[in-house]
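Peer 1: For reference, the file final-v4.txt (compact mmCIF, C-alpha atoms) is included below:
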```txt
# COMPACT_ATOMS: atom_id res chain seq x y z
CA MET A 1 -29.81 -26.97 99.72
CA ALA A 2 -26.53 -28.55 98.64
CA VAL A 3 -25.73 -28.55 94.93
CA THR A 4 -25.18 -32.16 93.94
CA ALA A 5 -23.77 -33.64 90.76
CA GLU A 6 -27.27 -34.82 89.88
CA THR A 7 -28.62 -31.28 90.24
CA ILE A 8 -25.94 -29.98 87.88
CA ARG A 9 -26.74 -32.71 85.33
CA SER A 10 -30.48 -32.04 85.47
CA THR A 11 -29.89 -28.32 85.01
CA ALA A 12 -27.73 -28.97 81.96
CA LYS A 13 -30.42 -31.14 80.40
CA ASP A 14 -32.76 -28.34 79.42
CA PRO A 15 -33.26 -28.71 75.67
CA LEU A 16 -35.46 -26.70 73.37
CA ILE A 17 -37.83 -29.02 71.54
CA ILE A 18 -39.49 -27.80 68.36
CA ALA A 19 -41.55 -30.07 66.11
CA GLY A 20 -40.12 -33.12 67.86
CA ARG A 21 -36.48 -32.14 67.36
CA THR A 22 -34.16 -31.29 70.24
CA TYR A 23 -31.78 -28.32 70.35
CA SER A 24 -29.28 -27.33 73.02
CA SER A 25 -29.29 -23.66 71.98
CA ARG A 26 -32.29 -21.43 72.62
CA LEU A 27 -30.96 -18.64 70.43
CA LEU A 28 -32.15 -18.54 66.81
CA VAL A 29 -30.47 -16.12 64.45
CA GLY A 30 -31.12 -14.62 61.05
CA THR A 31 -28.68 -14.55 58.16
CA GLY A 32 -29.46 -11.18 56.56
CA LYS A 33 -27.94 -7.69 56.77
CA TYR A 34 -24.31 -8.78 57.19
CA LYS A 35 -21.62 -7.19 55.02
CA ASP A 36 -20.77 -10.51 53.37
CA LEU A 37 -21.17 -14.27 53.72
CA GLU A 38 -17.96 -14.61 55.71
CA GLU A 39 -19.21 -12.24 58.40
CA THR A 40 -22.49 -14.12 58.38
CA ARG A 41 -20.66 -17.38 59.01
CA ARG A 42 -18.52 -15.98 61.82
CA ALA A 43 -21.45 -14.38 63.61
CA VAL A 44 -23.64 -17.46 63.38
CA GLU A 45 -20.85 -19.66 64.69
CA ALA A 46 -20.19 -17.27 67.58
CA SER A 47 -23.87 -17.26 68.52
CA GLY A 48 -23.96 -21.01 69.04
CA ALA A 49 -27.33 -21.07 67.25
CA GLN A 50 -28.49 -24.32 65.69
CA ILE A 51 -31.51 -22.89 63.90
CA ILE A 52 -30.92 -20.13 61.35
CA THR A 53 -33.55 -18.22 59.43
CA ILE A 54 -33.38 -17.57 55.72
CA ALA A 55 -35.44 -14.99 53.86
CA VAL A 56 -36.20 -17.08 50.79
CA ARG A 57 -37.16 -14.05 48.70
CA ARG A 58 -33.83 -12.31 49.46
CA THR A 59 -31.25 -15.05 50.04
CA ASN A 60 -29.73 -17.43 47.52
CA ILE A 61 -30.01 -21.02 48.74
CA GLY A 62 -29.62 -22.56 45.32
CA GLN A 63 -32.24 -20.83 43.21
CA ASN A 64 -29.47 -18.76 41.56
CA PRO A 65 -26.79 -21.35 40.71
CA ASN A 66 -24.32 -18.79 39.32
CA GLU A 67 -24.20 -16.70 42.52
CA PRO A 68 -22.68 -17.35 45.97
CA SER A 69 -25.06 -19.37 48.13
CA LEU A 70 -25.63 -19.32 51.87
CA THR A 71 -25.29 -23.10 51.79
CA ASP A 72 -21.62 -22.64 50.86
CA VAL A 73 -20.78 -21.21 54.30
CA LEU A 74 -23.56 -22.56 56.55
CA SER A 75 -24.25 -26.16 55.65
CA PRO A 76 -27.83 -27.46 56.00
CA SER A 77 -26.27 -30.62 57.42
CA LYS A 78 -24.93 -28.62 60.39
CA TYR A 79 -27.77 -26.14 60.92
CA THR A 80 -31.54 -26.42 60.83
CA TYR A 81 -32.63 -24.03 58.12
CA LEU A 82 -35.75 -22.06 58.94
CA PRO A 83 -37.01 -20.52 55.68
CA ASN A 84 -39.15 -17.47 56.36
CA THR A 85 -41.64 -15.48 54.37
CA ALA A 86 -40.11 -12.07 55.06
CA GLY A 87 -41.42 -9.45 52.65
CA CYS A 88 -44.79 -11.14 52.10
CA TYR A 89 -47.90 -9.01 52.54
CA ASN A 90 -50.62 -11.55 51.79
CA ALA A 91 -51.30 -15.21 52.47
CA GLU A 92 -50.94 -16.25 48.83
CA ASP A 93 -47.36 -14.96 48.56
CA ALA A 94 -46.42 -16.47 51.90
CA VAL A 95 -47.72 -19.91 50.96
CA ARG A 96 -45.96 -19.75 47.60
CA THR A 97 -42.69 -18.83 49.29
CA CYS A 98 -42.91 -21.78 51.69
CA ARG A 99 -43.60 -24.15 48.82
CA LEU A 100 -40.55 -22.82 46.98
CA ALA A 101 -38.39 -23.31 50.07
CA ARG A 102 -39.57 -26.89 50.45
CA GLU A 103 -38.65 -27.58 46.84
CA LEU A 104 -35.21 -25.95 47.13
CA LEU A 105 -34.41 -27.75 50.38
CA ASP A 106 -35.47 -31.24 49.32
CA GLY A 107 -38.76 -31.49 51.18
CA HIS A 108 -37.82 -29.42 54.24
CA ASP A 109 -41.09 -28.65 56.05
CA LEU A 110 -40.14 -26.41 59.01
CA VAL A 111 -40.91 -22.79 58.14
CA LYS A 112 -41.28 -19.42 59.80
CA LEU A 113 -44.47 -17.73 58.68
CA GLU A 114 -44.77 -13.97 58.71
CA VAL A 115 -47.32 -11.97 56.74
CA LEU A 116 -46.84 -8.24 57.19
CA GLY A 117 -49.59 -5.67 57.23
CA SER A 118 -47.62 -2.40 57.19
CA GLU A 119 -44.43 -1.39 55.44
CA LYS A 120 -43.83 1.27 58.08
CA THR A 121 -44.29 -0.70 61.31
CA LEU A 122 -43.80 -4.23 59.89
CA TYR A 123 -46.55 -5.40 62.20
CA PRO A 124 -48.20 -8.66 61.15
CA ASP A 125 -51.49 -8.89 59.30
CA ILE A 126 -53.22 -11.38 61.59
CA PRO A 127 -56.15 -12.39 59.33
CA GLN A 128 -53.75 -13.07 56.44
CA THR A 129 -51.35 -14.92 58.74
CA LEU A 130 -54.17 -17.11 60.05
CA SER A 131 -55.23 -17.90 56.50
CA ALA A 132 -51.71 -18.80 55.42
CA ALA A 133 -51.11 -20.91 58.54
CA GLU A 134 -54.26 -22.92 57.92
CA ILE A 135 -53.21 -23.74 54.36
CA LEU A 136 -49.61 -24.59 55.27
CA ILE A 137 -50.58 -26.84 58.16
CA LYS A 138 -52.97 -28.75 55.90
CA GLU A 139 -50.11 -29.22 53.43
CA GLY A 140 -47.90 -30.76 56.09
CA PHE A 141 -45.70 -27.79 56.95
CA LYS A 142 -44.47 -27.33 60.51
CA VAL A 143 -45.24 -23.67 61.07
CA MET A 144 -43.45 -21.35 63.47
CA VAL A 145 -45.54 -18.20 63.32
CA TYR A 146 -44.63 -14.54 63.81
CA THR A 147 -47.43 -12.62 65.47
CA ASN A 148 -48.15 -9.62 67.66
CA ASP A 149 -48.11 -9.84 71.46
CA ASP A 150 -51.84 -10.56 71.78
CA PRO A 151 -52.37 -13.55 74.12
CA ILE A 152 -55.68 -14.48 72.48
CA VAL A 153 -54.19 -14.58 68.99
CA ALA A 154 -51.14 -16.49 70.23
CA LYS A 155 -53.41 -19.13 71.76
CA LYS A 156 -55.39 -19.42 68.53
CA PHE A 157 -52.22 -20.11 66.51
CA ALA A 158 -51.20 -22.83 68.95
CA GLU A 159 -54.64 -24.43 68.88
CA MET A 160 -54.72 -24.58 65.10
CA GLY A 161 -51.48 -26.56 65.01
CA CYS A 162 -48.51 -24.19 64.76
CA VAL A 163 -45.42 -25.82 66.29
CA ALA A 164 -44.19 -22.57 67.86
CA VAL A 165 -45.59 -19.09 68.40
CA MET A 166 -43.28 -16.10 68.02
CA PRO A 167 -44.68 -12.86 69.43
CA LEU A 168 -42.87 -9.62 68.71
CA ALA A 169 -41.18 -7.71 71.50
CA ALA A 170 -41.21 -4.53 69.41
CA PRO A 171 -41.32 -3.76 65.66
CA ILE A 172 -38.88 -5.71 63.48
CA GLY A 173 -35.44 -4.14 63.42
CA SER A 174 -36.34 -1.44 65.95
CA GLY A 175 -34.08 -2.59 68.79
CA LEU A 176 -36.56 -1.19 71.31
CA GLY A 177 -36.53 -4.27 73.53
CA ILE A 178 -39.48 -5.82 75.37
CA ARG A 179 -42.19 -3.14 75.15
CA ASN A 180 -44.95 -5.14 76.82
CA PRO A 181 -43.54 -7.74 79.22
CA TYR A 182 -46.97 -8.36 80.75
CA ASN A 183 -48.45 -9.60 77.48
CA ILE A 184 -45.42 -11.78 76.82
CA ARG A 185 -45.86 -13.33 80.26
CA PHE A 186 -49.57 -13.89 79.64
CA ILE A 187 -48.70 -15.69 76.40
CA VAL A 188 -46.11 -17.85 78.17
CA GLU A 189 -48.54 -18.75 80.97
CA GLU A 190 -51.12 -20.05 78.46
CA ALA A 191 -48.59 -21.74 76.18
CA THR A 192 -49.01 -25.28 74.88
CA VAL A 193 -46.20 -24.91 72.31
CA PRO A 194 -42.79 -23.19 72.52
CA ILE A 195 -42.93 -19.39 72.75
CA LEU A 196 -40.02 -17.49 71.22
CA VAL A 197 -39.68 -13.72 71.24
CA ASP A 198 -39.18 -12.58 67.66
CA ALA A 199 -38.32 -9.01 66.64
CA GLY A 200 -37.37 -5.93 68.61
CA VAL A 201 -34.41 -7.21 70.62
CA GLY A 202 -31.59 -4.66 70.58
CA THR A 203 -28.95 -5.82 73.03
CA ALA A 204 -28.05 -8.65 75.40
CA SER A 205 -30.17 -7.41 78.31
CA ASP A 206 -33.28 -7.55 76.09
CA ALA A 207 -32.60 -11.20 75.32
CA ALA A 208 -32.05 -11.97 79.00
CA ILE A 209 -35.34 -10.31 79.95
CA ALA A 210 -37.23 -12.34 77.34
CA MET A 211 -35.82 -15.54 78.79
CA GLU A 212 -36.46 -14.45 82.39
CA LEU A 213 -40.12 -13.97 81.44
CA GLY A 214 -40.23 -17.68 80.64
CA CYS A 215 -39.89 -17.65 76.87
CA ASP A 216 -38.47 -20.81 75.35
CA GLY A 217 -36.12 -18.94 73.06
CA VAL A 218 -35.31 -15.75 71.22
CA LEU A 219 -34.94 -15.11 67.51
CA MET A 220 -32.96 -12.12 66.29
CA ASN A 221 -31.14 -10.76 63.27
CA THR A 222 -30.62 -6.98 63.26
CA ALA A 223 -29.52 -6.90 66.90
CA ILE A 224 -26.44 -8.89 65.87
CA ALA A 225 -25.94 -7.88 62.23
CA GLY A 226 -26.48 -4.19 63.03
CA ALA A 227 -23.98 -4.08 65.89
CA ARG A 228 -20.61 -2.38 65.43
CA ASN A 229 -19.01 -5.77 66.04
CA PRO A 230 -21.52 -8.45 65.00
CA VAL A 231 -19.36 -11.39 66.05
CA LEU A 232 -18.81 -10.01 69.54
CA MET A 233 -22.52 -9.20 69.87
CA ALA A 234 -23.37 -12.74 68.80
CA GLN A 235 -21.26 -14.04 71.68
CA ALA A 236 -22.99 -11.67 74.08
CA MET A 237 -26.43 -12.79 72.92
CA LYS A 238 -25.50 -16.43 73.43
CA LYS A 239 -24.51 -15.73 77.04
CA ALA A 240 -27.58 -13.56 77.68
CA VAL A 241 -30.01 -16.23 76.51
CA GLU A 242 -28.28 -18.86 78.61
CA ALA A 243 -28.19 -16.63 81.71
CA GLY A 244 -31.81 -15.55 81.31
CA ARG A 245 -32.95 -19.15 81.02
CA GLU A 246 -31.01 -20.17 84.12
CA ALA A 247 -32.43 -17.23 86.08
CA PHE A 248 -35.97 -18.21 85.06
CA ARG A 249 -35.43 -21.80 86.13
CA ALA A 250 -33.82 -20.72 89.40
CA GLY A 251 -36.77 -18.49 90.32
CA ARG A 252 -36.06 -14.91 91.25
CA MET A 253 -36.45 -13.60 94.80
CA PRO A 254 -39.73 -11.83 95.62
CA ARG A 255 -39.84 -8.10 95.05
CA LYS A 256 -40.25 -6.10 98.25
CA GLN A 257 -41.22 -2.51 98.91
CA TYR A 258 -38.59 -2.01 101.60
CA GLY A 259 -35.07 -3.17 102.26
CA SER A 260 -34.26 -6.49 103.92
CA PRO A 261 -30.83 -7.09 105.47
CA SER A 262 -28.66 -9.72 103.86
CA SER A 263 -27.59 -10.74 107.36
CA PRO A 264 -30.73 -10.76 109.56
CA LEU A 265 -30.36 -9.22 113.03
CA GLY A 266 -32.47 -11.90 114.73
CA GLY A 267 -30.39 -14.25 116.87
CA THR A 268 -27.36 -11.95 117.10
CA PHE A 269 -25.14 -12.31 120.15
CA PHE A 270 -24.62 -8.58 120.92
```
Output the structure of this file as structure tokens.

Peer 2:
Amino acid sequence: MAVTAETIRSTAKDPLIIAGRTYSSRLLVGTGKYKDLEETRRAVEASGAQIITIAVRRTNIGQNPNEPSLTDVLSPSKYTYLPNTAGCYNAEDAVRTCRLARELLDGHDLVKLEVLGSEKTLYPDIPQTLSAAEILIKEGFKVMVYTNDDPIVAKKFAEMGCVAVMPLAAPIGSGLGIRNPYNIRFIVEEATVPILVDAGVGTASDAAIAMELGCDGVLMNTAIAGARNPVLMAQAMKKAVEAGREAFRAGRMPRKQYGSPSSPLGGTFF
């Protein structure tokens, strides 16, 4: 089939839509673990991300007026801030953190909810996360929720009103990549809201695989901040997410048990 100008335009128009807002980038990045705010700024800019996560309990976004603030280098007018509840181990603390973020950011209601159940594995505490999500949704928050890679749980979060579901690929900060691609695919197949892989990505190929599985986006922090050259890795991640999305939309060739010649022998002249 010939590639027309219209085909190119339709391929380019492939936005990520979260809570009614449209984004051209499907890469979301964190703002922690960098050596300083300047490196944070450079890496975020190189990533092309439009949504950036902020650990409210660990990052100054105005609550400490006498200290450098993230808002000084990454303006909320340019980026969509995604306050998260990193470091919370019960629903009460998570809800309190989201309320604080909304106050600090002048009514901002888009949040990333994570309630951890283990300091060692950083796996989520699902009952506590469900409890916190229910409260936050009732209070008008738009909740993007971090969860494990259980398709049943992911579906439950979507049904209760979360605006995006974010299953882990592997434990937070592990860099192990997609440990269970089959569950991620099951989650994507049942999805009624955007699905974004969150946690466990270690390098560009991991991000590409997540997108090839049909995920709507990828969120990462340590994979970029922990690289020897964070800015260069941010560029690589941007390209990987874009390439993985295009490959998913293109539709990969079927896998075959045996070889198949690129130039078929049928119809040859000699």

Peer 1: Quick check, in Å to one decimal: how far apart do CA of Pro167 in chain A and CA of Pro151 in chain A lie?

Peer 2: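 Rounded to one decimal, the two atoms are 9.0 Å apart.
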
Peer 1: Under the rule that only C-alpha atoms are counted, which of A:Ile135, A:Ile54, A:Ala207, A:Met233 is the nearest residue to Tyr79 in chain A?

Peer 2: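 Among A:Ile135, A:Ile54, A:Ala207, A:Met233, it is A:Ile54 that comes nearest to Tyr79 in chain A.
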
Peer 1: Considering only C-alpha atoms, return as an MDAnalysis selection string whatever protein or nucleic-acid residues lie within 12 Å of range 63-73 of chain A, sequence-local ones (same chain, fewer than 5 positions apart) excluded.

Peer 2: chainID A and resid 30:32 34 36:45 52:58 78:81 100:105

Peer 1: What's around range 122-131 of chain A at 8 Å? Count only C-alpha atoms, leave out sequence neighbours fewer than 5 positions away in its own chain, and write the answer as a PDB file with C-alpha atoms, keeping the file's coordinate frame.

Peer 2:
```pdb
ATOM      1  CA  TYR A  89     -47.900  -9.010  52.540  1.00  0.00           C
ATOM      2  CA  ASN A  90     -50.620 -11.550  51.790  1.00  0.00           C
ATOM      3  CA  ALA A  91     -51.300 -15.210  52.470  1.00  0.00           C
ATOM      4  CA  LEU A 113     -44.470 -17.730  58.680  1.00  0.00           C
ATOM      5  CA  GLU A 114     -44.770 -13.970  58.710  1.00  0.00           C
ATOM      6  CA  VAL A 115     -47.320 -11.970  56.740  1.00  0.00           C
ATOM      7  CA  LEU A 116     -46.840  -8.240  57.190  1.00  0.00           C
ATOM      8  CA  GLY A 117     -49.590  -5.670  57.230  1.00  0.00           C
ATOM      9  CA  TYR A 146     -44.630 -14.540  63.810  1.00  0.00           C
ATOM     10  CA  THR A 147     -47.430 -12.620  65.470  1.00  0.00           C
ATOM     11  CA  ASN A 148     -48.150  -9.620  67.660  1.00  0.00           C
ATOM     12  CA  PHE A 157     -52.220 -20.110  66.510  1.00  0.00           C
ATOM     13  CA  PRO A 171     -41.320  -3.760  65.660  1.00  0.00           C
ATOM     14  CA  ILE A 172     -38.880  -5.710  63.480  1.00  0.00           C
TER      15      ILE A 172
END
```

Peer 1: Mind listing as a list in words all residues within 7 Å of (-38.6, -12.9, 69.6), counting only C-alpha atoms?

Peer 2: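 Those residues, ordered by chain and then number, are Met166, Pro167, Leu168, Ala169, Leu196, Val197, Asp198, Ala199, Val218, Leu219 and Met220 of chain A.
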
Peer 1: Separation of CA of Gly161 in chain A and CA of Ile137 in chain A, in Å?

Peer 2: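 Computing the Euclidean distance for CA of Gly161 in chain A and CA of Ile137 in chain A yields 6.9 Å.
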
Peer 1: What does the distance between CA of Ala158 in chain A and CA of Arg99 in chain A come to in Å, to one decimal place?

Peer 2: 21.6 Å

Peer 1: Would you mind listing what lies within 12 Å of range 251-255 of chain A as a list in words, with all atoms listed in the file counted and same-chain residues fewer than 5 positions away left out?

Peer 2: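 Counting all atoms listed in the file, the residues come to Met211, Glu212, Leu213, Gly214, Gly244, Arg245, Glu246 and Ser260 of chain A.
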
Peer 1: When you count only C-alpha atoms, which of these residues is closest to Leu110 in chain A: A:Gly48, A:Pro15, A:Gly20, A:Gly200?

Peer 2: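 Among the listed residues, the smallest separation from Leu110 in chain A belongs to A:Gly20.
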
Peer 1: What's the 12 Å shell around Ala191 in chain A, counting all atoms listed in the file, without same-chain residues fewer than 3 positions away, as a list in words?

Peer 2: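 Residues meeting the cut-off are Pro151, Ile152, Val153, Ala154, Lys155, Lys156, Phe157, Ala158, Glu159, Cys162, Val163, Ala164, Val165, Met166, Pro167, Ile184, Arg185, Phe186, Ile187, Val188, Pro194, Ile195, Leu196, Gly214, Cys215 and Asp216 of chain A.
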
Peer 1: May I have the residues within 12 Å of Thr203 in chain A as a count of residues only, using only C-alpha atoms and disregarding those fewer than 6 positions away in the same chain?

Peer 2: 29
